[in-house]
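Just my_file19.txt here, compact mmCIF, N, CA and C atoms:
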# COMPACT_ATOMS: atom_id res chain seq x y z
N MET A 18 0.83 -1.18 0.00
CA MET A 18 0.00 0.00 0.00
C MET A 18 0.88 1.26 0.00
N GLU A 19 2.04 1.15 0.63
CA GLU A 19 2.94 2.29 0.67
C GLU A 19 3.40 2.70 -0.73
N CYS A 20 3.64 1.72 -1.59
CA CYS A 20 4.06 2.03 -2.97
C CYS A 20 2.96 2.78 -3.71
N PHE A 21 1.72 2.33 -3.55
CA PHE A 21 0.61 3.02 -4.21
C PHE A 21 0.48 4.45 -3.66
N GLN A 22 0.64 4.59 -2.36
CA GLN A 22 0.53 5.92 -1.75
C GLN A 22 1.63 6.84 -2.26
N ARG A 23 2.84 6.32 -2.39
CA ARG A 23 3.94 7.13 -2.93
C ARG A 23 3.64 7.55 -4.36
N ALA A 24 3.03 6.66 -5.14
CA ALA A 24 2.67 6.99 -6.52
C ALA A 24 1.62 8.10 -6.56
N VAL A 25 0.67 8.07 -5.64
CA VAL A 25 -0.34 9.14 -5.55
C VAL A 25 0.35 10.45 -5.21
N GLU A 26 1.22 10.42 -4.23
CA GLU A 26 1.92 11.63 -3.80
C GLU A 26 2.83 12.19 -4.89
N ASP A 27 3.41 11.29 -5.70
CA ASP A 27 4.28 11.71 -6.79
C ASP A 27 3.50 12.54 -7.81
N GLY A 28 2.26 12.14 -8.06
CA GLY A 28 1.39 12.91 -8.94
C GLY A 28 1.70 12.78 -10.42
N GLY A 29 2.61 11.91 -10.77
CA GLY A 29 2.93 11.72 -12.18
C GLY A 29 1.82 10.98 -12.91
N GLU A 30 1.91 11.00 -14.23
CA GLU A 30 0.90 10.32 -15.03
C GLU A 30 1.10 8.81 -14.98
N SER A 31 -0.01 8.09 -14.98
CA SER A 31 0.04 6.64 -15.05
C SER A 31 -1.21 6.14 -15.74
N LEU A 32 -1.10 5.00 -16.36
CA LEU A 32 -2.23 4.41 -17.07
C LEU A 32 -3.36 4.06 -16.11
N ILE A 33 -2.98 3.54 -14.94
CA ILE A 33 -3.96 3.16 -13.93
C ILE A 33 -3.75 4.02 -12.70
N ASP A 34 -4.82 4.64 -12.24
CA ASP A 34 -4.77 5.47 -11.04
C ASP A 34 -4.29 4.60 -9.88
N PRO A 35 -3.21 4.98 -9.22
CA PRO A 35 -2.70 4.16 -8.12
C PRO A 35 -3.69 3.99 -6.97
N ARG A 36 -4.67 4.86 -6.89
CA ARG A 36 -5.68 4.70 -5.85
C ARG A 36 -6.52 3.45 -6.06
N ALA A 37 -6.59 2.97 -7.31
CA ALA A 37 -7.28 1.70 -7.56
C ALA A 37 -6.55 0.58 -6.85
N GLY A 38 -5.23 0.64 -6.84
CA GLY A 38 -4.43 -0.33 -6.09
C GLY A 38 -4.61 -0.20 -4.60
N ILE A 39 -4.75 1.03 -4.14
CA ILE A 39 -5.01 1.26 -2.72
C ILE A 39 -6.35 0.63 -2.34
N ALA A 40 -7.36 0.83 -3.17
CA ALA A 40 -8.68 0.25 -2.89
C ALA A 40 -8.59 -1.27 -2.83
N ASP A 41 -7.88 -1.87 -3.78
CA ASP A 41 -7.73 -3.32 -3.79
C ASP A 41 -7.04 -3.79 -2.52
N THR A 42 -5.99 -3.09 -2.12
CA THR A 42 -5.27 -3.46 -0.91
C THR A 42 -6.15 -3.31 0.33
N LEU A 43 -6.95 -2.26 0.38
CA LEU A 43 -7.85 -2.09 1.52
C LEU A 43 -8.87 -3.23 1.60
N PHE A 44 -9.39 -3.66 0.45
CA PHE A 44 -10.28 -4.82 0.47
C PHE A 44 -9.54 -6.04 1.02
N GLU A 45 -8.30 -6.21 0.55
CA GLU A 45 -7.50 -7.35 0.99
C GLU A 45 -7.25 -7.31 2.49
N LEU A 46 -7.11 -6.12 3.03
CA LEU A 46 -6.90 -5.96 4.48
C LEU A 46 -8.20 -5.97 5.27
N ASP A 47 -9.29 -6.35 4.60
CA ASP A 47 -10.62 -6.42 5.23
C ASP A 47 -11.07 -5.06 5.75
N ARG A 48 -10.84 -4.04 4.91
CA ARG A 48 -11.29 -2.68 5.22
C ARG A 48 -12.15 -2.17 4.05
N PRO A 49 -13.28 -2.88 3.80
CA PRO A 49 -14.09 -2.58 2.62
C PRO A 49 -14.70 -1.18 2.59
N ASP A 50 -15.06 -0.65 3.75
CA ASP A 50 -15.66 0.69 3.76
C ASP A 50 -14.65 1.73 3.26
N GLU A 51 -13.41 1.60 3.71
CA GLU A 51 -12.37 2.53 3.25
C GLU A 51 -12.11 2.34 1.75
N ALA A 52 -12.11 1.09 1.31
CA ALA A 52 -11.89 0.80 -0.11
C ALA A 52 -12.97 1.46 -0.96
N ARG A 53 -14.21 1.34 -0.52
CA ARG A 53 -15.32 1.94 -1.27
C ARG A 53 -15.24 3.47 -1.28
N GLU A 54 -14.75 4.05 -0.19
CA GLU A 54 -14.56 5.50 -0.15
C GLU A 54 -13.53 5.94 -1.20
N VAL A 55 -12.45 5.19 -1.32
CA VAL A 55 -11.42 5.51 -2.31
C VAL A 55 -12.02 5.42 -3.71
N ILE A 56 -12.78 4.36 -3.96
CA ILE A 56 -13.40 4.17 -5.28
C ILE A 56 -14.38 5.30 -5.57
N GLU A 57 -15.16 5.71 -4.58
CA GLU A 57 -16.10 6.81 -4.80
C GLU A 57 -15.39 8.12 -5.06
N THR A 58 -14.25 8.32 -4.42
CA THR A 58 -13.46 9.53 -4.67
C THR A 58 -12.98 9.54 -6.12
N ILE A 59 -12.51 8.40 -6.59
CA ILE A 59 -12.07 8.30 -7.99
C ILE A 59 -13.23 8.62 -8.92
N ARG A 60 -14.39 8.03 -8.65
CA ARG A 60 -15.57 8.28 -9.50
C ARG A 60 -15.96 9.76 -9.47
N ALA A 61 -15.97 10.34 -8.29
CA ALA A 61 -16.41 11.74 -8.14
C ALA A 61 -15.49 12.71 -8.86
N GLU A 62 -14.23 12.40 -8.92
CA GLU A 62 -13.28 13.28 -9.60
C GLU A 62 -13.41 13.20 -11.12
N GLY A 63 -14.00 12.13 -11.63
CA GLY A 63 -14.22 11.98 -13.07
C GLY A 63 -12.93 11.73 -13.84
N GLU A 64 -13.08 11.71 -15.15
CA GLU A 64 -11.95 11.47 -16.05
C GLU A 64 -11.16 10.22 -15.68
N VAL A 65 -11.86 9.14 -15.48
CA VAL A 65 -11.24 7.86 -15.13
C VAL A 65 -10.80 7.18 -16.42
N THR A 66 -9.56 6.72 -16.46
CA THR A 66 -9.10 6.00 -17.65
C THR A 66 -9.82 4.66 -17.73
N THR A 67 -9.89 4.13 -18.93
CA THR A 67 -10.53 2.82 -19.08
C THR A 67 -9.76 1.75 -18.32
N ALA A 68 -8.45 1.85 -18.27
CA ALA A 68 -7.66 0.87 -17.53
C ALA A 68 -7.96 0.95 -16.04
N THR A 69 -8.13 2.14 -15.51
CA THR A 69 -8.50 2.30 -14.10
C THR A 69 -9.88 1.72 -13.84
N ALA A 70 -10.83 2.05 -14.70
CA ALA A 70 -12.19 1.53 -14.54
C ALA A 70 -12.21 0.01 -14.59
N HIS A 71 -11.42 -0.55 -15.50
CA HIS A 71 -11.35 -2.00 -15.62
C HIS A 71 -10.77 -2.61 -14.33
N THR A 72 -9.74 -2.01 -13.82
CA THR A 72 -9.12 -2.48 -12.58
C THR A 72 -10.12 -2.43 -11.42
N ILE A 73 -10.84 -1.34 -11.32
CA ILE A 73 -11.83 -1.21 -10.25
C ILE A 73 -12.95 -2.23 -10.42
N ALA A 74 -13.42 -2.43 -11.65
CA ALA A 74 -14.46 -3.43 -11.89
C ALA A 74 -13.98 -4.81 -11.44
N GLU A 75 -12.77 -5.18 -11.82
CA GLU A 75 -12.23 -6.49 -11.44
C GLU A 75 -12.06 -6.61 -9.93
N THR A 76 -11.63 -5.54 -9.29
CA THR A 76 -11.47 -5.55 -7.83
C THR A 76 -12.81 -5.76 -7.15
N LEU A 77 -13.81 -5.02 -7.58
CA LEU A 77 -15.14 -5.15 -6.97
C LEU A 77 -15.69 -6.56 -7.13
N VAL A 78 -15.51 -7.13 -8.30
CA VAL A 78 -15.97 -8.50 -8.55
C VAL A 78 -15.21 -9.48 -7.66
N ALA A 79 -13.90 -9.29 -7.56
CA ALA A 79 -13.08 -10.19 -6.75
C ALA A 79 -13.52 -10.21 -5.29
N TYR A 80 -14.07 -9.09 -4.83
CA TYR A 80 -14.50 -9.00 -3.43
C TYR A 80 -16.01 -9.09 -3.28
N GLY A 81 -16.67 -9.65 -4.31
CA GLY A 81 -18.06 -10.04 -4.19
C GLY A 81 -19.11 -9.03 -4.59
N ASP A 82 -18.73 -7.88 -5.09
CA ASP A 82 -19.72 -6.87 -5.48
C ASP A 82 -19.87 -6.86 -6.99
N LEU A 83 -20.58 -7.87 -7.50
CA LEU A 83 -20.74 -8.02 -8.94
C LEU A 83 -21.53 -6.86 -9.55
N ARG A 84 -22.54 -6.39 -8.87
CA ARG A 84 -23.36 -5.29 -9.40
C ARG A 84 -22.52 -4.02 -9.61
N ALA A 85 -21.73 -3.67 -8.62
CA ALA A 85 -20.88 -2.48 -8.76
C ALA A 85 -19.81 -2.70 -9.82
N GLY A 86 -19.27 -3.91 -9.89
CA GLY A 86 -18.29 -4.24 -10.92
C GLY A 86 -18.90 -4.11 -12.31
N LEU A 87 -20.14 -4.57 -12.45
CA LEU A 87 -20.84 -4.45 -13.72
C LEU A 87 -21.06 -2.99 -14.09
N GLU A 88 -21.42 -2.18 -13.12
CA GLU A 88 -21.63 -0.76 -13.38
C GLU A 88 -20.34 -0.10 -13.88
N TRP A 89 -19.22 -0.38 -13.22
CA TRP A 89 -17.93 0.20 -13.65
C TRP A 89 -17.55 -0.28 -15.04
N ALA A 90 -17.72 -1.58 -15.29
CA ALA A 90 -17.36 -2.12 -16.61
C ALA A 90 -18.25 -1.54 -17.70
N THR A 91 -19.54 -1.43 -17.43
CA THR A 91 -20.47 -0.91 -18.43
C THR A 91 -20.17 0.55 -18.75
N GLN A 92 -19.98 1.35 -17.73
CA GLN A 92 -19.68 2.77 -17.97
C GLN A 92 -18.37 2.94 -18.74
N ALA A 93 -17.40 2.11 -18.43
CA ALA A 93 -16.12 2.19 -19.13
C ALA A 93 -16.26 1.79 -20.59
N VAL A 94 -17.01 0.72 -20.86
CA VAL A 94 -17.23 0.28 -22.25
C VAL A 94 -17.93 1.38 -23.04
N LEU A 95 -18.94 1.98 -22.44
CA LEU A 95 -19.69 3.02 -23.13
C LEU A 95 -18.86 4.28 -23.37
N ALA A 96 -17.87 4.53 -22.51
CA ALA A 96 -17.07 5.75 -22.61
C ALA A 96 -15.84 5.60 -23.50
N CYS A 97 -15.43 4.37 -23.76
CA CYS A 97 -14.17 4.22 -24.51
C CYS A 97 -14.43 4.00 -26.00
N ASP A 98 -13.42 4.36 -26.77
CA ASP A 98 -13.48 4.16 -28.22
C ASP A 98 -13.21 2.69 -28.54
N GLU A 99 -13.73 2.25 -29.67
CA GLU A 99 -13.51 0.85 -30.07
C GLU A 99 -12.04 0.54 -30.31
N ASP A 100 -11.23 1.56 -30.62
CA ASP A 100 -9.81 1.32 -30.85
C ASP A 100 -8.99 1.38 -29.55
N ASP A 101 -9.64 1.65 -28.43
CA ASP A 101 -8.96 1.64 -27.13
C ASP A 101 -8.53 0.20 -26.84
N PRO A 102 -7.28 -0.01 -26.45
CA PRO A 102 -6.80 -1.37 -26.16
C PRO A 102 -7.60 -2.09 -25.07
N GLU A 103 -8.26 -1.35 -24.20
CA GLU A 103 -9.05 -1.95 -23.13
C GLU A 103 -10.46 -2.35 -23.58
N HIS A 104 -10.89 -1.91 -24.75
CA HIS A 104 -12.28 -2.09 -25.17
C HIS A 104 -12.70 -3.56 -25.16
N VAL A 105 -11.96 -4.41 -25.84
CA VAL A 105 -12.35 -5.83 -25.92
C VAL A 105 -12.25 -6.49 -24.55
N ALA A 106 -11.20 -6.17 -23.81
CA ALA A 106 -11.06 -6.76 -22.47
C ALA A 106 -12.21 -6.34 -21.57
N LEU A 107 -12.62 -5.09 -21.66
CA LEU A 107 -13.76 -4.62 -20.86
C LEU A 107 -15.05 -5.32 -21.27
N LEU A 108 -15.24 -5.48 -22.57
CA LEU A 108 -16.43 -6.20 -23.03
C LEU A 108 -16.46 -7.62 -22.47
N ARG A 109 -15.32 -8.27 -22.47
CA ARG A 109 -15.25 -9.65 -21.94
C ARG A 109 -15.50 -9.68 -20.43
N THR A 110 -14.91 -8.73 -19.73
CA THR A 110 -15.14 -8.67 -18.28
C THR A 110 -16.60 -8.42 -17.99
N ARG A 111 -17.18 -7.48 -18.70
CA ARG A 111 -18.60 -7.16 -18.52
C ARG A 111 -19.47 -8.38 -18.80
N TYR A 112 -19.17 -9.08 -19.88
CA TYR A 112 -19.93 -10.27 -20.25
C TYR A 112 -19.84 -11.33 -19.14
N ARG A 113 -18.63 -11.57 -18.65
CA ARG A 113 -18.43 -12.56 -17.59
C ARG A 113 -19.23 -12.20 -16.34
N ILE A 114 -19.24 -10.93 -15.98
CA ILE A 114 -20.00 -10.50 -14.81
C ILE A 114 -21.49 -10.73 -15.04
N ARG A 115 -21.96 -10.39 -16.23
CA ARG A 115 -23.39 -10.57 -16.53
C ARG A 115 -23.77 -12.04 -16.48
N VAL A 116 -22.91 -12.91 -16.97
CA VAL A 116 -23.18 -14.35 -16.91
C VAL A 116 -23.24 -14.79 -15.45
N ASP A 117 -22.28 -14.33 -14.63
CA ASP A 117 -22.28 -14.69 -13.21
C ASP A 117 -23.54 -14.19 -12.50
N LEU A 118 -24.08 -13.06 -12.96
CA LEU A 118 -25.31 -12.53 -12.37
C LEU A 118 -26.57 -13.18 -12.95
N GLY A 119 -26.39 -14.01 -13.98
CA GLY A 119 -27.54 -14.67 -14.60
C GLY A 119 -28.37 -13.75 -15.47
N LEU A 120 -27.75 -12.71 -16.00
CA LEU A 120 -28.47 -11.74 -16.83
C LEU A 120 -28.49 -12.20 -18.29
N PRO A 121 -29.56 -11.89 -19.01
CA PRO A 121 -29.62 -12.27 -20.42
C PRO A 121 -28.66 -11.44 -21.26
N GLU A 122 -28.29 -11.97 -22.41
CA GLU A 122 -27.39 -11.25 -23.31
C GLU A 122 -28.03 -9.97 -23.79
N ASP A 123 -27.22 -8.92 -23.88
CA ASP A 123 -27.70 -7.65 -24.42
C ASP A 123 -26.84 -7.25 -25.62
N ASP A 124 -27.09 -6.06 -26.14
CA ASP A 124 -26.38 -5.60 -27.35
C ASP A 124 -24.87 -5.52 -27.15
N LEU A 125 -24.43 -5.09 -25.97
CA LEU A 125 -22.99 -5.02 -25.72
C LEU A 125 -22.37 -6.41 -25.61
N ASP A 126 -23.11 -7.34 -25.03
CA ASP A 126 -22.61 -8.73 -24.93
C ASP A 126 -22.39 -9.32 -26.32
N ALA A 127 -23.24 -8.95 -27.25
CA ALA A 127 -23.14 -9.47 -28.62
C ALA A 127 -21.85 -9.01 -29.32
N LEU A 128 -21.20 -7.97 -28.79
CA LEU A 128 -19.96 -7.47 -29.38
C LEU A 128 -18.73 -8.28 -28.97
N VAL A 129 -18.89 -9.15 -27.97
CA VAL A 129 -17.76 -9.97 -27.51
C VAL A 129 -17.43 -10.98 -28.59
N SER A 130 -16.16 -10.98 -28.99
CA SER A 130 -15.77 -11.92 -30.05
C SER A 130 -14.76 -12.92 -29.57
Please re-express this file's structure in C-alpha cells.
Amino acid sequence: MECFQRAVEDGGESLIDPRAGIADTLFELDRPDEAREVIETIRAEGEVTTATAHTIAETLVAYGDLRAGLEWATQAVLACDEDDPEHVALLRTRYRIRVDLGLPEDDLDALVS
C-alpha cells in the first residue's frame, strides 16, 4: 500500500490510477468501507481512464460486489473508443459479470468476439 501511496503523492501520469491499487489493498486488508470511499473519490473526480475503470471493476468483482463491478465495466465500455486497447477486455469482463449474475445477453454482450 505504501508504494501506491507514494505513486499518488508523486502525482505523475500513469495508465492506472494508483488509488485503484489502494482500494484493492484495503479490500484485501478487510477494510471494505475505506476501499469503497477511495473508489467513490475516484468516481467523483471523473476522467477515469478505461484501464483504471477495468481495474476497479475487477477488484469489486473479486471481493463479491458483482453489481458495482458491472456498473464500472459498463460505464467504461460506453465511454471508450472501439480502438482503445481496453475495449475488448472490458467487453469480456462485462460479459463474464453478466453471466455470473444470470443476466440475459444484451447488445454489448453481442460485441464480444
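When only C-alpha atoms are used to compute distances to A:Thr72, the closest of the residues A:Arg113, A:Arg84, A:Arg36, A:Arg48 turns out to be A:Arg36.
Atom to atom, atom CA of A:Ile59 and atom CA of A:Glu103 stand 18.5 Å apart.
Closest approach to A:Leu77 among A:Leu120, A:Ala93, A:Ala127, A:Ala40: A:Ala40, based on all atoms listed in the file.
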Residues within 7 Å of A:Ile114, only N, CA and C atoms, excluding chain neighbours under 5 positions, as number ranges by chain: A: 83, 86-87, 109, 119-120
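What separates atom N of A:Asp50 from atom N of A:Asp27 is a distance of 23.9 Å.
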